[in-house]
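Novice: Okay, handing you the structure first.
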Amino acid sequence: MTEKRLLRVLQGEALWPPPVWLMRQAGRYLPEFRALRAQADFITRCMTPDIATEITLQPIRRYGMDGAILFSDILILPWAMGQSLHFAEGVGPVLEPIRSATDLDRLRPERVADVTAPIMETLRRLRRSLDAPADQSVLGVGVAGATTLIGFAGSPFTVACYMVEGGSSRDFLEPRRMAYEQPALFDRLIDLLTQATATMLCAQIEAGAEAVMLFDSWAGLLPPPQFRRYVIEPSRLIIDEIRRHHPKVPILGFPRLGGLLVGEYAKATGVNALALDTSADLALAATLVPDTVALQGNLDPLCLLAGGDGLTREVERIRHTLRGRPHIFNLGHGVLPQTSPDEVGRLVEQVRRL
Ligand code: 1CP
């Protein structure tokens with residue numbers, strides 16, 4: 001049996017204390033990340049195995065997290081298909097928007113494998129580093145061989161949001177309009193992303209990812225019929241395709257702000273773990289989702305930022321509410337840049353307290 005506690009929970013075991021990792025655990029709140037950040041722009045950092053490997057391992061060295069998530073981004077996929085992308089300081093991603101069939105026809109999904117080859121090299125190096133015997137490990141005592149390597153992609157709907165909007169937005173009006181006004185075009189984009197995402201996640205697994213996660217950060221913008229069509233159905237197809245090639249590799253899904261539809265999402269897609277955002281009531285989610293499916297989450301990133309006794313109380317509430325069922329401790333969204341590295345250390349220590 002594997003020594004990796006996160007993998008055991010993904011296979012349906014309830015462990016006490018729960019394993020822990022954090023979304024955006026490699027990030028600006030770490031001084032060692034900021035030091036590397038000056039060296040290259042964001043896409044170069046993702047595409048350079050030396051840098052991406054180092055950034056992924058930083059939080060593992062510091063905290064011995066149970067999960068290491070590949071340092072990359074959900075928007076690397078459209079970029080690899082040829083859509084122009086850059087990350088503007090203080091603004092976020094900026095893309096040349098896709099608004100017509102002509103724009104869509106310019107995308108080159110057949111190029112993704114070649115363009116993302118350096119990312120697969122990063123995964124191979126990460127797996128070697130994480131699984132090196134203790135006496136050869138670059139990680140701390142007790143960490144060698146204990147951390148699960150997680151690959152990921154954005155879900156088709158969330159990636160389509162950025163591709164059609166041309167960047168970040170609070171409400172993503174352009175993709176939501178396209179879904180109503182040009183449904184055939186939006187369907188084509190979702191279908192193209194569904195196929196490309198399944199292929200890329202299979203490649204990540206073949207390069208060493210032991211689990212993969214689908215981030216659907218904007219799923220909660222959709223009414224139920226569209227949630228079924230653009231969130232559940234493409235995720236189900238991606239998961240079916242991955243299982244055809246890699247039946248044993250666990251898959252996590254994060255339909256953020258999915259509300260009452262998280263149960264239907266979990267059952268229809270067949271995810272091994274459902275990541276819950278901060279708004280989810282854990283006891284209610286536990287009744288909606290089959291108890292063979294692990295729940296991941298869902299501490300408020302602001303609570304971690306604020307720290308102190310409030311953090312202690314929330315960690316206790318969350319881990320005790322889900323005690324007895326498969327649970328992976330995590331935040332309900334990413335670590336905020338203003339977070340203190342010491343509070344992250346305190347959080348991990350407390351989650352692991354017997
Ligand atoms: O300037 C910088 O250093 C770039 C900041 C940054 C980082 C560190 C971006 C730009 N992406 C990432 C890494 C990243 N993104 C990871 C791997 C590292 C880790 O988790 O530790 C992952 C899993 C993501 C996933 C991601 N990117 C999501 C889904 C999860 C979520 O946060 O909702 C989304 C929506 C993105 C888009 C994106 N990329 C970057 C930014 C600033 C954004 C968000 C823009 C927005 O708010 O709309």
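Identifiers for the structure tokens are assigned positionally: chains receive A, B, ... in sequence, residues are indexed from 1 per chain, and ligands are indexed from 1 in the order shown.
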Using 8 Å as the limit and counting only C-alpha atoms and all ligand atoms, can you tabulate each residue of chain A that touches ligand 1, with its shortest atom-to-atom distance in Å and the two atoms involved, as CSV?
Specialist:
```
residue,atom,partner,partner_atom_place_in_ligand_line,distance
A:Leu22,CA,ligand 1,21 (O),7.3
A:Met23,CA,ligand 1,20 (O),4.6
A:Arg24,CA,ligand 1,20 (O),3.2
A:Gln25,CA,ligand 1,21 (O),4.2
A:Ala26,CA,ligand 1,21 (O),3.9
A:Gly27,CA,ligand 1,8 (C),5.1
A:Arg28,CA,ligand 1,3 (O),6.8
A:Arg37,CA,ligand 1,3 (O),6.5
A:Asp41,CA,ligand 1,1 (O),7.7
A:Phe42,CA,ligand 1,4 (C),5.6
A:Thr56,CA,ligand 1,21 (O),7.0
A:Ala68,CA,ligand 1,21 (O),7.9
A:Ile69,CA,ligand 1,19 (C),5.8
A:Leu70,CA,ligand 1,17 (C),5.9
A:Phe71,CA,ligand 1,17 (C),4.2
A:Ser72,CA,ligand 1,17 (C),4.9
A:Asp73,CA,ligand 1,15 (N),4.2
A:Ile74,CA,ligand 1,27 (N),5.0
A:Leu75,CA,ligand 1,37 (C),6.4
A:Phe87,CA,ligand 1,10 (C),6.6
A:Ala88,CA,ligand 1,1 (O),7.7
A:Glu89,CA,ligand 1,1 (O),6.4
A:Gly90,CA,ligand 1,1 (O),7.9
A:Val91,CA,ligand 1,42 (C),7.5
A:Gly92,CA,ligand 1,42 (C),4.4
A:Pro93,CA,ligand 1,41 (C),6.0
A:Phe152,CA,ligand 1,23 (C),6.6
A:Ala153,CA,ligand 1,25 (C),7.6
A:Gly154,CA,ligand 1,29 (C),6.3
A:Thr158,CA,ligand 1,35 (C),7.1
A:Val159,CA,ligand 1,35 (C),7.9
A:Tyr162,CA,ligand 1,48 (O),7.7
A:Gly167,CA,ligand 1,48 (O),7.1
A:Ser168,CA,ligand 1,48 (O),4.0
A:Ser169,CA,ligand 1,48 (O),5.9
A:Arg170,CA,ligand 1,48 (O),7.5
A:Phe215,CA,ligand 1,29 (C),5.2
A:Asp216,CA,ligand 1,29 (C),6.8
A:Ser217,CA,ligand 1,33 (O),4.5
A:Trp218,CA,ligand 1,33 (O),7.7
A:Arg256,CA,ligand 1,33 (O),7.9
A:His333,CA,ligand 1,32 (O),6.3
A:Gly334,CA,ligand 1,32 (O),5.5
```
Novice: Need to verify the contact set: Tyr230 of chain A, 9 Å, only C-alpha atoms, exclusion of same-chain residues closer than 6 positions in sequence. Can you return it as JSON, numbers by chain?
Specialist: {"A": [156, 157, 187, 190, 219, 222]}
Novice: Would you put the residues from that selection into a file with C-alpha atoms, as a short mmCIF file (atom, residue, chain, number, x, y, z; two decimals), in the first residue's frame?
Specialist:
```cif
data_model
loop_
_atom_site.label_atom_id
_atom_site.label_comp_id
_atom_site.auth_asym_id
_atom_site.auth_seq_id
_atom_site.Cartn_x
_atom_site.Cartn_y
_atom_site.Cartn_z
CA PRO A 156 -13.36 23.79 -20.83
CA PHE A 157 -15.90 26.35 -19.61
CA ASP A 187 -20.20 24.37 -28.56
CA ILE A 190 -16.06 23.68 -25.73
CA ALA A 219 -18.73 27.30 -13.12
CA LEU A 222 -24.09 29.44 -15.13
#
```
Novice: Enumerate, as number ranges by chain, the complete set of residues in segment 143-349 of chain A that a backbone-based DSSP assignment places in alpha helix (DSSP H).
Specialist: A: 156-165, 173-181, 183-206, 224-226, 233-245, 262-269, 282-288, 301-306, 308-321, 341-349
Novice: May I have the residues within 7 Å of Thr194 of chain A as a short mmCIF file (atom, residue, chain, number, x, y, z; two decimals) with N, CA and C atoms, in the first residue's frame, using only C-alpha atoms and disregarding those fewer than 3 positions away in the same chain?
Specialist:
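Output file out02.cif follows:
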```
data_model
loop_
_atom_site.label_atom_id
_atom_site.label_comp_id
_atom_site.auth_asym_id
_atom_site.auth_seq_id
_atom_site.Cartn_x
_atom_site.Cartn_y
_atom_site.Cartn_z
N PRO A 156 -13.06 23.07 -19.59
CA PRO A 156 -13.36 23.79 -20.83
C PRO A 156 -14.13 25.09 -20.61
N ILE A 190 -16.04 24.60 -26.89
CA ILE A 190 -16.06 23.68 -25.73
C ILE A 190 -15.61 22.27 -26.17
N ASP A 191 -16.06 21.82 -27.32
CA ASP A 191 -15.67 20.48 -27.81
C ASP A 191 -14.16 20.40 -28.08
N THR A 197 -7.97 19.03 -23.65
CA THR A 197 -7.72 18.92 -22.21
C THR A 197 -7.51 17.46 -21.82
N ALA A 198 -8.33 16.57 -22.37
CA ALA A 198 -8.18 15.14 -22.07
C ALA A 198 -6.80 14.66 -22.53
N PRO A 234 -18.81 18.26 -20.35
CA PRO A 234 -17.39 18.20 -20.78
C PRO A 234 -16.49 17.56 -19.74
N ILE A 238 -14.10 14.28 -20.37
CA ILE A 238 -12.66 14.31 -20.10
C ILE A 238 -12.29 13.17 -19.15
#
```
Novice: So which residues of segment 143-304 of chain A fall under strand (DSSP E) by DSSP, listed as a list in words?
Specialist: Thr148, Leu149, Ile150, Gly151, Phe152, Ala153, Gly154, Ala211, Val212, Met213, Leu214, Phe215, Asp216, Ile251, Leu252, Gly253, Phe254, Pro255, Ala273, Leu274, Ala275, Ala294, Leu295, Gln296, Gly297, Asn298 and Leu299 of chain A
